[in-house]
>>> print(open('coords.pdb').read())   # PDB, C-alpha atoms
MODEL        1
ATOM      1  CA  MET X   1     -46.375   7.991 -31.399
ATOM      2  CA  ASN X   2     -43.247   6.204 -32.671
ATOM      3  CA  GLU X   3     -41.378   3.288 -31.075
ATOM      4  CA  LYS X   4     -39.140   5.672 -29.136
ATOM      5  CA  GLY X   5     -42.223   7.248 -27.561
ATOM      6  CA  VAL X   6     -43.566   3.852 -26.515
ATOM      7  CA  LYS X   7     -40.188   2.932 -24.994
ATOM      8  CA  ARG X   8     -40.189   6.143 -22.953
ATOM      9  CA  MET X   9     -43.577   5.191 -21.505
ATOM     10  CA  ASN X  10     -42.130   1.815 -20.502
ATOM     11  CA  ASN X  11     -39.176   3.301 -18.602
ATOM     12  CA  HIS X  12     -40.944   3.238 -15.232
ATOM     13  CA  PHE X  13     -41.337  -0.555 -15.353
ATOM     14  CA  SER X  14     -38.905  -2.781 -13.476
ATOM     15  CA  THR X  15     -35.786  -3.991 -15.280
ATOM     16  CA  LYS X  16     -37.133  -7.551 -15.333
ATOM     17  CA  THR X  17     -40.415  -6.411 -16.898
ATOM     18  CA  LYS X  18     -38.629  -4.366 -19.567
ATOM     19  CA  THR X  19     -36.418  -7.370 -20.366
ATOM     20  CA  LEU X  20     -39.479  -9.603 -20.834
ATOM     21  CA  LEU X  21     -41.056  -7.031 -23.137
ATOM     22  CA  GLU X  22     -37.888  -6.606 -25.197
ATOM     23  CA  ASP X  23     -37.449 -10.377 -25.499
ATOM     24  CA  TYR X  24     -40.958 -10.651 -26.929
ATOM     25  CA  GLN X  25     -40.419  -7.765 -29.368
ATOM     26  CA  GLN X  26     -37.254  -9.384 -30.725
ATOM     27  CA  GLN X  27     -39.102 -12.559 -31.708
ATOM     28  CA  ARG X  28     -42.273 -10.952 -33.099
ATOM     29  CA  LEU X  29     -43.141 -10.571 -36.777
ATOM     30  CA  PRO X  30     -43.314  -7.021 -38.193
ATOM     31  CA  GLN X  31     -46.880  -5.742 -37.771
ATOM     32  CA  HIS X  32     -48.854  -2.616 -38.581
ATOM     33  CA  VAL X  33     -49.798  -1.032 -35.264
ATOM     34  CA  ASN X  34     -51.733   2.130 -34.430
ATOM     35  CA  ASN X  35     -49.390   3.645 -31.843
ATOM     36  CA  ASN X  36     -51.905   6.377 -30.987
ATOM     37  CA  GLN X  37     -53.755   3.781 -28.893
ATOM     38  CA  ALA X  38     -50.983   3.940 -26.298
ATOM     39  CA  THR X  39     -51.793   7.567 -25.497
ATOM     40  CA  THR X  40     -55.561   7.101 -25.037
ATOM     41  CA  TYR X  41     -55.467   4.697 -22.095
ATOM     42  CA  ILE X  42     -54.271   5.652 -18.629
ATOM     43  CA  PRO X  43     -54.414   2.732 -16.178
ATOM     44  CA  PRO X  44     -56.026   3.414 -12.773
ATOM     45  CA  ASP X  45     -52.910   1.871 -11.226
ATOM     46  CA  GLN X  46     -49.621   1.548 -13.098
ATOM     47  CA  SER X  47     -49.103  -1.890 -11.551
ATOM     48  CA  LEU X  48     -52.043  -3.127 -13.654
ATOM     49  CA  MET X  49     -50.131  -2.351 -16.836
ATOM     50  CA  GLU X  50     -46.914  -3.894 -15.566
ATOM     51  CA  ASP X  51     -48.653  -7.060 -14.337
ATOM     52  CA  ALA X  52     -50.421  -7.428 -17.689
ATOM     53  CA  ILE X  53     -47.162  -7.008 -19.586
ATOM     54  CA  VAL X  54     -45.403  -9.597 -17.432
ATOM     55  CA  ALA X  55     -48.231 -12.117 -17.889
ATOM     56  CA  LEU X  56     -48.403 -11.682 -21.659
ATOM     57  CA  ALA X  57     -44.624 -11.670 -22.122
ATOM     58  CA  MET X  58     -44.479 -14.994 -20.287
ATOM     59  CA  GLY X  59     -47.056 -16.471 -22.667
ATOM     60  CA  LYS X  60     -50.038 -16.307 -20.293
ATOM     61  CA  ASN X  61     -53.609 -15.534 -21.344
ATOM     62  CA  LEU X  62     -55.080 -12.375 -19.816
ATOM     63  CA  LEU X  63     -58.664 -11.827 -18.628
ATOM     64  CA  LEU X  64     -59.666  -8.209 -17.952
ATOM     65  CA  LYS X  65     -62.588  -8.042 -15.532
ATOM     66  CA  GLY X  66     -64.592  -4.977 -14.582
ATOM     67  CA  PRO X  67     -67.757  -2.903 -15.073
ATOM     68  CA  THR X  68     -68.739  -1.633 -18.498
ATOM     69  CA  GLY X  69     -67.005   1.537 -19.602
ATOM     70  CA  THR X  70     -63.862   1.120 -17.485
ATOM     71  CA  GLY X  71     -61.638   0.990 -20.562
ATOM     72  CA  LYS X  72     -60.933  -2.732 -20.891
ATOM     73  CA  THR X  73     -60.787  -2.565 -24.687
ATOM     74  CA  LYS X  74     -58.510   0.477 -24.555
ATOM     75  CA  PHE X  75     -56.345  -1.397 -22.066
ATOM     76  CA  ALA X  76     -56.022  -4.292 -24.528
ATOM     77  CA  GLU X  77     -55.196  -1.908 -27.386
ATOM     78  CA  ALA X  78     -52.542  -0.162 -25.312
ATOM     79  CA  LEU X  79     -50.967  -3.532 -24.553
ATOM     80  CA  THR X  80     -50.726  -4.389 -28.247
ATOM     81  CA  VAL X  81     -48.863  -1.119 -28.793
ATOM     82  CA  ARG X  82     -46.341  -1.864 -26.072
ATOM     83  CA  PHE X  83     -45.767  -5.284 -27.617
ATOM     84  CA  GLN X  84     -45.683  -3.691 -31.102
ATOM     85  CA  GLN X  85     -48.330  -6.118 -32.292
ATOM     86  CA  ALA X  86     -51.492  -6.182 -34.370
ATOM     87  CA  MET X  87     -54.756  -7.469 -32.893
ATOM     88  CA  GLU X  88     -57.588  -9.639 -34.166
ATOM     89  CA  SER X  89     -60.906  -9.152 -32.357
ATOM     90  CA  VAL X  90     -63.907 -11.328 -31.499
ATOM     91  CA  ASN X  91     -67.098  -9.686 -30.233
ATOM     92  CA  CYS X  92     -69.004 -12.369 -28.368
ATOM     93  CA  SER X  93     -72.775 -12.765 -28.410
ATOM     94  CA  ILE X  94     -75.324 -15.536 -28.031
ATOM     95  CA  ASP X  95     -74.973 -16.116 -31.793
ATOM     96  CA  LEU X  96     -71.221 -16.753 -31.671
ATOM     97  CA  ASP X  97     -70.359 -20.038 -33.377
ATOM     98  CA  ALA X  98     -67.379 -21.921 -34.785
ATOM     99  CA  GLU X  99     -67.511 -19.970 -38.052
ATOM    100  CA  SER X 100     -67.357 -16.659 -36.180
ATOM    101  CA  LEU X 101     -64.196 -17.841 -34.433
ATOM    102  CA  LEU X 102     -62.363 -19.985 -36.963
ATOM    103  CA  GLY X 103     -63.708 -18.946 -40.367
ATOM    104  CA  PHE X 104     -66.003 -20.298 -43.057
ATOM    105  CA  LYS X 105     -66.102 -21.822 -46.530
ATOM    106  CA  THR X 106     -67.387 -19.896 -49.512
ATOM    107  CA  LEU X 107     -67.544 -20.213 -53.277
ATOM    108  CA  SER X 108     -64.955 -18.317 -55.328
ATOM    109  CA  TYR X 109     -63.398 -18.360 -58.792
ATOM    110  CA  ASP X 110     -59.821 -19.116 -59.804
ATOM    111  CA  GLU X 111     -57.825 -17.427 -62.593
ATOM    112  CA  ASP X 112     -59.609 -19.573 -65.195
ATOM    113  CA  GLN X 113     -62.981 -18.548 -63.765
ATOM    114  CA  LYS X 114     -63.586 -22.034 -62.468
ATOM    115  CA  GLN X 115     -65.703 -22.245 -59.366
ATOM    116  CA  GLN X 116     -63.976 -23.486 -56.236
ATOM    117  CA  ILE X 117     -64.531 -23.662 -52.500
ATOM    118  CA  THR X 118     -62.320 -21.321 -50.492
ATOM    119  CA  PHE X 119     -61.836 -21.151 -46.750
ATOM    120  CA  ILE X 120     -61.929 -17.623 -45.288
ATOM    121  CA  PRO X 121     -59.994 -17.548 -41.980
ATOM    122  CA  GLY X 122     -61.682 -16.136 -38.885
ATOM    123  CA  PRO X 123     -60.082 -13.966 -36.181
ATOM    124  CA  VAL X 124     -58.787 -16.899 -34.108
ATOM    125  CA  THR X 125     -57.246 -18.597 -37.131
ATOM    126  CA  LYS X 126     -55.653 -15.366 -38.372
ATOM    127  CA  ALA X 127     -54.240 -14.469 -34.977
ATOM    128  CA  MET X 128     -52.719 -17.935 -34.525
ATOM    129  CA  THR X 129     -51.205 -18.283 -38.005
ATOM    130  CA  ASN X 130     -49.849 -14.721 -38.054
ATOM    131  CA  GLY X 131     -48.639 -14.679 -34.452
ATOM    132  CA  ARG X 132     -50.851 -11.723 -33.496
ATOM    133  CA  PHE X 133     -52.805 -10.801 -30.382
ATOM    134  CA  LEU X 134     -56.383 -12.120 -30.102
ATOM    135  CA  TYR X 135     -58.896  -9.978 -28.207
ATOM    136  CA  ILE X 136     -62.145 -11.679 -27.107
ATOM    137  CA  ASP X 137     -64.627  -9.066 -25.914
ATOM    138  CA  GLU X 138     -67.412  -9.992 -23.456
ATOM    139  CA  ILE X 139     -66.370 -13.631 -23.495
ATOM    140  CA  ASN X 140     -69.124 -14.558 -21.029
ATOM    141  CA  MET X 141     -71.774 -13.532 -23.574
ATOM    142  CA  ALA X 142     -70.960 -16.595 -25.691
ATOM    143  CA  LYS X 143     -72.877 -19.853 -25.377
ATOM    144  CA  PRO X 144     -71.088 -22.288 -23.027
ATOM    145  CA  GLU X 145     -71.063 -24.958 -25.750
ATOM    146  CA  THR X 146     -69.096 -22.683 -28.115
ATOM    147  CA  LEU X 147     -66.206 -21.743 -25.833
ATOM    148  CA  PRO X 148     -64.696 -25.266 -25.485
ATOM    149  CA  LEU X 149     -63.446 -24.774 -29.051
ATOM    150  CA  LEU X 150     -60.860 -22.455 -27.490
ATOM    151  CA  ASN X 151     -59.590 -24.840 -24.818
ATOM    152  CA  GLY X 152     -56.664 -26.096 -26.897
ATOM    153  CA  VAL X 153     -55.905 -22.567 -28.092
ATOM    154  CA  LEU X 154     -55.646 -21.278 -24.534
ATOM    155  CA  ASP X 155     -53.571 -24.023 -22.918
ATOM    156  CA  TYR X 156     -50.017 -25.271 -23.443
ATOM    157  CA  ARG X 157     -50.928 -26.917 -26.771
ATOM    158  CA  ARG X 158     -51.749 -23.619 -28.520
ATOM    159  CA  THR X 159     -53.548 -25.659 -31.207
ATOM    160  CA  VAL X 160     -57.039 -26.062 -32.637
ATOM    161  CA  THR X 161     -58.453 -28.520 -35.162
ATOM    162  CA  ASN X 162     -60.338 -26.604 -37.830
ATOM    163  CA  PRO X 163     -63.656 -28.498 -38.257
ATOM    164  CA  PHE X 164     -64.128 -27.011 -41.724
ATOM    165  CA  THR X 165     -60.801 -28.140 -43.200
ATOM    166  CA  ASN X 166     -59.625 -30.772 -40.666
ATOM    167  CA  ASP X 167     -56.305 -28.920 -40.468
ATOM    168  CA  VAL X 168     -54.537 -28.714 -37.121
ATOM    169  CA  ILE X 169     -53.547 -25.084 -36.571
ATOM    170  CA  THR X 170     -50.614 -24.407 -34.266
ATOM    171  CA  ALA X 171     -50.123 -20.834 -33.068
ATOM    172  CA  LYS X 172     -46.859 -19.020 -33.716
ATOM    173  CA  SER X 173     -44.807 -18.218 -30.635
ATOM    174  CA  SER X 174     -45.823 -14.533 -30.611
ATOM    175  CA  PHE X 175     -49.558 -15.350 -30.419
ATOM    176  CA  ARG X 176     -51.274 -14.063 -27.266
ATOM    177  CA  THR X 177     -54.892 -13.913 -26.014
ATOM    178  CA  ILE X 178     -56.614 -11.147 -24.067
ATOM    179  CA  ALA X 179     -60.269 -11.502 -23.075
ATOM    180  CA  ALA X 180     -62.668  -9.124 -21.338
ATOM    181  CA  ILE X 181     -65.626  -9.857 -19.106
ATOM    182  CA  ASN X 182     -68.511  -7.882 -17.585
ATOM    183  CA  GLU X 183     -69.912  -9.928 -14.723
ATOM    184  CA  GLY X 184     -73.573  -9.996 -13.728
ATOM    185  CA  TYR X 185     -75.039  -8.457 -16.879
ATOM    186  CA  ILE X 186     -78.186  -9.742 -18.594
ATOM    187  CA  GLY X 187     -77.274 -12.399 -21.151
ATOM    188  CA  THR X 188     -73.970 -13.319 -19.538
ATOM    189  CA  VAL X 189     -73.106 -16.722 -18.093
ATOM    190  CA  PRO X 190     -70.397 -17.582 -15.553
ATOM    191  CA  LEU X 191     -67.203 -18.919 -17.102
ATOM    192  CA  ASN X 192     -66.633 -22.566 -16.269
ATOM    193  CA  GLU X 193     -63.627 -23.324 -14.105
ATOM    194  CA  ALA X 194     -61.715 -25.093 -16.891
ATOM    195  CA  LEU X 195     -61.821 -21.963 -19.036
ATOM    196  CA  LYS X 196     -61.243 -19.490 -16.190
ATOM    197  CA  ASN X 197     -58.156 -21.408 -15.056
ATOM    198  CA  ARG X 198     -56.537 -20.736 -18.419
ATOM    199  CA  PHE X 199     -56.317 -17.000 -17.652
ATOM    200  CA  ILE X 200     -54.436 -14.589 -15.438
ATOM    201  CA  ILE X 201     -57.159 -12.240 -14.152
ATOM    202  CA  ILE X 202     -56.789  -8.477 -13.747
ATOM    203  CA  ASP X 203     -59.612  -6.472 -12.184
ATOM    204  CA  VAL X 204     -59.935  -3.132 -14.011
ATOM    205  CA  PRO X 205     -61.542  -0.429 -11.817
ATOM    206  CA  TYR X 206     -62.863   2.966 -12.854
ATOM    207  CA  ILE X 207     -60.283   5.664 -13.576
ATOM    208  CA  GLN X 208     -60.690   8.508 -11.095
ATOM    209  CA  GLY X 209     -59.084  11.714  -9.815
ATOM    210  CA  GLU X 210     -56.152  13.293 -11.612
ATOM    211  CA  GLN X 211     -55.765  10.293 -13.908
ATOM    212  CA  LEU X 212     -59.305  10.841 -15.169
ATOM    213  CA  ALA X 213     -58.633  14.569 -15.586
ATOM    214  CA  GLU X 214     -55.580  13.754 -17.700
ATOM    215  CA  LEU X 215     -57.566  11.240 -19.764
ATOM    216  CA  ILE X 216     -60.284  13.819 -20.445
ATOM    217  CA  LYS X 217     -57.701  16.360 -21.556
ATOM    218  CA  GLN X 218     -55.879  13.844 -23.764
ATOM    219  CA  SER X 219     -58.817  12.184 -25.456
ATOM    220  CA  THR X 220     -61.675  14.704 -25.664
ATOM    221  CA  ALA X 221     -62.272  18.175 -27.075
ATOM    222  CA  LEU X 222     -62.849  19.596 -23.582
ATOM    223  CA  GLN X 223     -59.821  21.580 -22.386
ATOM    224  CA  ASP X 224     -61.368  23.905 -19.784
ATOM    225  CA  ASP X 225     -59.744  22.924 -16.474
ATOM    226  CA  THR X 226     -62.711  24.087 -14.374
ATOM    227  CA  TYR X 227     -65.168  21.959 -16.328
ATOM    228  CA  ILE X 228     -62.749  19.024 -16.379
ATOM    229  CA  GLN X 229     -62.578  19.025 -12.574
ATOM    230  CA  ARG X 230     -66.364  19.174 -12.379
ATOM    231  CA  PHE X 231     -66.625  16.147 -14.661
ATOM    232  CA  VAL X 232     -64.096  14.332 -12.454
ATOM    233  CA  GLN X 233     -66.329  15.067  -9.453
ATOM    234  CA  LEU X 234     -69.390  13.950 -11.430
ATOM    235  CA  SER X 235     -67.683  10.645 -12.179
ATOM    236  CA  ALA X 236     -66.782  10.144  -8.506
ATOM    237  CA  ASP X 237     -70.400  10.795  -7.484
ATOM    238  CA  LEU X 238     -71.732   8.364 -10.103
ATOM    239  CA  VAL X 239     -69.258   5.639  -9.154
ATOM    240  CA  ARG X 240     -70.194   6.044  -5.485
ATOM    241  CA  ALA X 241     -73.890   5.791  -6.358
ATOM    242  CA  THR X 242     -73.388   2.615  -8.399
ATOM    243  CA  THR X 243     -71.345   1.081  -5.581
ATOM    244  CA  ASP X 244     -74.176   1.872  -3.145
ATOM    245  CA  GLY X 245     -76.732   0.318  -5.505
ATOM    246  CA  ARG X 246     -78.566   3.554  -6.235
ATOM    247  CA  LEU X 247     -77.637   3.550  -9.931
ATOM    248  CA  ALA X 248     -77.005   0.936 -12.598
ATOM    249  CA  GLU X 249     -73.344   0.508 -13.549
ATOM    250  CA  ASP X 250     -74.033   2.023 -16.975
ATOM    251  CA  ALA X 251     -74.377   5.414 -15.292
ATOM    252  CA  ALA X 252     -70.726   5.394 -14.206
ATOM    253  CA  SER X 253     -69.305   4.378 -17.587
ATOM    254  CA  ILE X 254     -66.086   6.271 -18.301
ATOM    255  CA  ARG X 255     -66.816   5.869 -22.007
ATOM    256  CA  ALA X 256     -70.126   7.723 -21.579
ATOM    257  CA  LEU X 257     -68.452  10.386 -19.437
ATOM    258  CA  LEU X 258     -65.853  11.039 -22.152
ATOM    259  CA  ASP X 259     -68.658  11.391 -24.701
ATOM    260  CA  ALA X 260     -70.284  13.980 -22.463
ATOM    261  CA  CYS X 261     -66.971  15.845 -22.163
ATOM    262  CA  ASP X 262     -66.599  15.887 -25.930
ATOM    263  CA  LEU X 263     -70.091  17.301 -26.419
ATOM    264  CA  SER X 264     -69.667  19.878 -23.640
ATOM    265  CA  ALA X 265     -66.863  21.538 -25.582
ATOM    266  CA  TYR X 266     -69.644  22.761 -27.904
ATOM    267  CA  ILE X 267     -72.944  22.603 -26.003
ATOM    268  CA  PRO X 268     -73.883  23.261 -22.338
ATOM    269  CA  PRO X 269     -72.502  20.510 -20.059
ATOM    270  CA  ALA X 270     -75.891  19.679 -18.524
ATOM    271  CA  ARG X 271     -77.318  19.026 -21.988
ATOM    272  CA  ALA X 272     -74.237  17.033 -22.980
ATOM    273  CA  ILE X 273     -74.586  14.833 -19.896
ATOM    274  CA  HIS X 274     -78.278  14.362 -20.637
ATOM    275  CA  ARG X 275     -77.480  13.073 -24.144
ATOM    276  CA  ALA X 276     -74.475  10.924 -23.225
ATOM    277  CA  ILE X 277     -75.457   9.534 -19.812
ATOM    278  CA  VAL X 278     -78.982  10.279 -18.553
ATOM    279  CA  GLU X 279     -80.889   9.090 -21.621
ATOM    280  CA  LYS X 280     -79.140   5.709 -21.468
ATOM    281  CA  LEU X 281     -80.709   4.942 -18.080
ATOM    282  CA  ASP X 282     -83.916   2.896 -17.988
ATOM    283  CA  GLU X 283     -85.587   4.111 -14.815
ATOM    284  CA  ASP X 284     -87.003   7.595 -14.265
ATOM    285  CA  ARG X 285     -85.777   7.419 -10.665
ATOM    286  CA  GLU X 286     -82.177   6.980 -11.874
ATOM    287  CA  LYS X 287     -82.528   9.772 -14.416
ATOM    288  CA  SER X 288     -83.769  12.172 -11.745
ATOM    289  CA  PHE X 289     -80.954  11.146  -9.418
ATOM    290  CA  VAL X 290     -78.281  11.948 -12.024
ATOM    291  CA  LYS X 291     -79.986  15.227 -12.970
ATOM    292  CA  ASN X 292     -79.866  16.317  -9.327
ATOM    293  CA  ILE X 293     -76.117  15.630  -9.183
ATOM    294  CA  VAL X 294     -75.570  17.535 -12.427
ATOM    295  CA  GLU X 295     -77.502  20.565 -11.123
ATOM    296  CA  THR X 296     -75.148  20.855  -8.145
ATOM    297  CA  LEU X 297     -72.046  20.807 -10.396
ATOM    298  CA  PHE X 298     -73.122  22.701 -13.502
TER     299      PHE X 298
ENDMDL
END
>>> encode(input="coords.pdb", output="structure tokens")
Amino acid sequence: MNEKGVKRMNNHFSTKTKTLLEDYQQQRLPQHVNNNQATTYIPPDQSLMEDAIVALAMGKNLLLKGPTGTGKTKFAEALTVRFQQAMESVNCSIDLDAESLLGFKTLSYDEDQKQQITFIPGPVTKAMTNGRFLYIDEINMAKPETLPLLNGVLDYRRTVTNPFTNDVITAKSSFRTIAAINEGYIGTVPLNEALKNRFIIIDVPYIQGEQLAELIKQSTALQDDTYIQRFVQLSADLVRATTDGRLAEDAASIRALLDACDLSAYIPPARAIHRAIVEKLDEDREKSFVKNIVETLF
């Protein structure tokens, strides 16, 4: 999709929102962007996209909150397309440290083959110095003692002192941060208030109904309308079961559902669902529950 296509998708936003977006685009640096990402995310509610655009255009940090598989990463990618930006990514884990965020020193050789120490920038450093978007996935998986490194990056200062070079890095004006969080999962820790207060929070629910049907048609190999509607019903049943506590949230993952749709274009849907959804569940009780739902639909 070219820039004209992205602009057409933005036409339903308010005049004020479009003005904010255009103001940002005028001050950005030219970036290489995969515009196809804009077509593979359909927000559950269009106001979510508009609110996110307004927050980012005003220089706010954005925290996307919701169950696994609701499309938070796709949401972030779609936002970068609308802002015509490139994105640096951080995948948080218990092993995340300053080097993973800011970069590291390594030995290299100059033109005369003399050995020297070179600093290799990390995703935070690259995003700040190039004025790009920074995406921090599963931010609550990181150790609490690591995240304070980002405090200055995420507040009005937009700076960080690189402990490896002692340089003070100041972000370019087009730099923005989007983070994602899955609450209540094993290995996660609650964000402290100081960090949480640096974000505008958007709750990302599951995509359902006709929006899900359109997403399946756009982003998977499955094009049979009858089967698509059955998968939409399957998703609704799984979401209801997770809400009632009968299934783990993994069972309702939209990502897993799309995988099942892809496979079902070539193999029987029940078998596709078994591979993409059922086998990911830990308890036999949950597996049997999903199989029973599948038998009524397929």
>>> resolve_selection(input="coords.pdb", expression="the PyMOL selection byres ((chain X and resi 21) around 10)", output="VMD selection string")
chain X and resid 10 15 to 20 22 to 26 53 to 54 56 to 58 82 to 84
>>> resolve_selection(input="coords.pdb", expression="the PyMOL selection byres ((chain X and resi 252) around 9)", output="PyMOL selection string")
chain X and resi 67-70+206+235-242+247-251+253-257+277
>>> atom_distance(input="coords.pdb", atom1="atom CA of Ile42 of chain X", atom2="atom CA of Phe133 of chain X")
20.3 Å
>>> residues_around(input="coords.pdb", residues="Asn91 of chain X", least_positions_apart="4", cutoff="12 Å", atoms="all atoms listed in the file", output="ChimeraX atom specification")
/X:73,95-97,100-101,123-124,134-142,179-181
>>> residues_near_point(input="coords.pdb", point="(-72.1, -16.5, -21.1)", cutoff="10 Å", atoms="all atoms listed in the file", output="VMD selection string")
chain X and resid 92 to 94 138 to 147 181 to 192
>>> write_last_selection(input="coords.pdb", atoms="C-alpha atoms", output="short mmCIF file (atom, residue, chain, number, x, y, z; two decimals), in the coordinates of the input")
data_model
loop_
_atom_site.label_atom_id
_atom_site.label_comp_id
_atom_site.auth_asym_id
_atom_site.auth_seq_id
_atom_site.Cartn_x
_atom_site.Cartn_y
_atom_site.Cartn_z
CA CYS X 92 -69.00 -12.37 -28.37
CA SER X 93 -72.78 -12.76 -28.41
CA ILE X 94 -75.32 -15.54 -28.03
CA GLU X 138 -67.41 -9.99 -23.46
CA ILE X 139 -66.37 -13.63 -23.50
CA ASN X 140 -69.12 -14.56 -21.03
CA MET X 141 -71.77 -13.53 -23.57
CA ALA X 142 -70.96 -16.60 -25.69
CA LYS X 143 -72.88 -19.85 -25.38
CA PRO X 144 -71.09 -22.29 -23.03
CA GLU X 145 -71.06 -24.96 -25.75
CA THR X 146 -69.10 -22.68 -28.12
CA LEU X 147 -66.21 -21.74 -25.83
CA ILE X 181 -65.63 -9.86 -19.11
CA ASN X 182 -68.51 -7.88 -17.58
CA GLU X 183 -69.91 -9.93 -14.72
CA GLY X 184 -73.57 -10.00 -13.73
CA TYR X 185 -75.04 -8.46 -16.88
CA ILE X 186 -78.19 -9.74 -18.59
CA GLY X 187 -77.27 -12.40 -21.15
CA THR X 188 -73.97 -13.32 -19.54
CA VAL X 189 -73.11 -16.72 -18.09
CA PRO X 190 -70.40 -17.58 -15.55
CA LEU X 191 -67.20 -18.92 -17.10
CA ASN X 192 -66.63 -22.57 -16.27
#
>>> closest_residue(input="coords.pdb", among="X:Ser14, X:Thr220, X:Asn162, X:Gln208", to="Leu149 of chain X", atoms="all atoms listed in the file")
X:Asn162
>>> atom_distance(input="coords.pdb", atom1="atom CA of Pro269 of chain X", atom2="atom CA of Phe298 of chain X")
6.9 Å
>>> residues_around(input="coords.pdb", residues="Glu295 of chain X", least_positions_apart="4", cutoff="12 Å", atoms="only C-alpha atoms", output="number ranges by chain")
X: 230, 234, 269-271, 273-274, 288-291
>>> build_atoms(input="coords.pdb", residues="segment 173-184 of chain X", atoms="N, CA, C and O atoms", output="compact mmCIF listing (two decimals), in the frame of the given file")
# COMPACT_ATOMS: atom_id res chain seq x y z
N SER X 173 -45.25 -18.49 -32.01
CA SER X 173 -44.81 -18.22 -30.64
C SER X 173 -45.23 -16.84 -30.14
O SER X 173 -45.37 -16.63 -28.94
N SER X 174 -45.46 -15.89 -31.03
CA SER X 174 -45.82 -14.53 -30.61
C SER X 174 -47.33 -14.37 -30.37
O SER X 174 -47.77 -13.30 -29.95
N PHE X 175 -48.11 -15.40 -30.63
CA PHE X 175 -49.56 -15.35 -30.42
C PHE X 175 -49.88 -15.18 -28.93
O PHE X 175 -49.30 -15.84 -28.08
N ARG X 176 -50.82 -14.27 -28.63
CA ARG X 176 -51.27 -14.06 -27.27
C ARG X 176 -52.79 -13.83 -27.27
O ARG X 176 -53.35 -13.37 -28.27
N THR X 177 -53.45 -14.11 -26.13
CA THR X 177 -54.89 -13.91 -26.01
C THR X 177 -55.22 -13.01 -24.83
O THR X 177 -54.72 -13.21 -23.72
N ILE X 178 -56.05 -12.01 -25.10
CA ILE X 178 -56.61 -11.15 -24.07
C ILE X 178 -58.13 -11.23 -24.18
O ILE X 178 -58.68 -11.10 -25.28
N ALA X 179 -58.81 -11.47 -23.07
CA ALA X 179 -60.27 -11.50 -23.08
C ALA X 179 -60.79 -10.48 -22.07
O ALA X 179 -60.06 -10.06 -21.16
N ALA X 180 -62.04 -10.07 -22.25
CA ALA X 180 -62.67 -9.12 -21.34
C ALA X 180 -64.01 -9.67 -20.90
O ALA X 180 -64.69 -10.38 -21.65
N ILE X 181 -64.39 -9.32 -19.67
CA ILE X 181 -65.63 -9.86 -19.11
C ILE X 181 -66.33 -8.80 -18.28
O ILE X 181 -65.69 -8.06 -17.53
N ASN X 182 -67.66 -8.70 -18.45
CA ASN X 182 -68.51 -7.88 -17.58
C ASN X 182 -69.39 -8.85 -16.80
O ASN X 182 -70.26 -9.50 -17.39
N GLU X 183 -69.18 -8.94 -15.52
CA GLU X 183 -69.91 -9.93 -14.72
C GLU X 183 -71.28 -9.41 -14.30
O GLU X 183 -71.45 -8.23 -13.99
N GLY X 184 -72.26 -10.33 -14.29
CA GLY X 184 -73.57 -10.00 -13.73
C GLY X 184 -74.52 -9.29 -14.67
O GLY X 184 -75.60 -8.87 -14.26
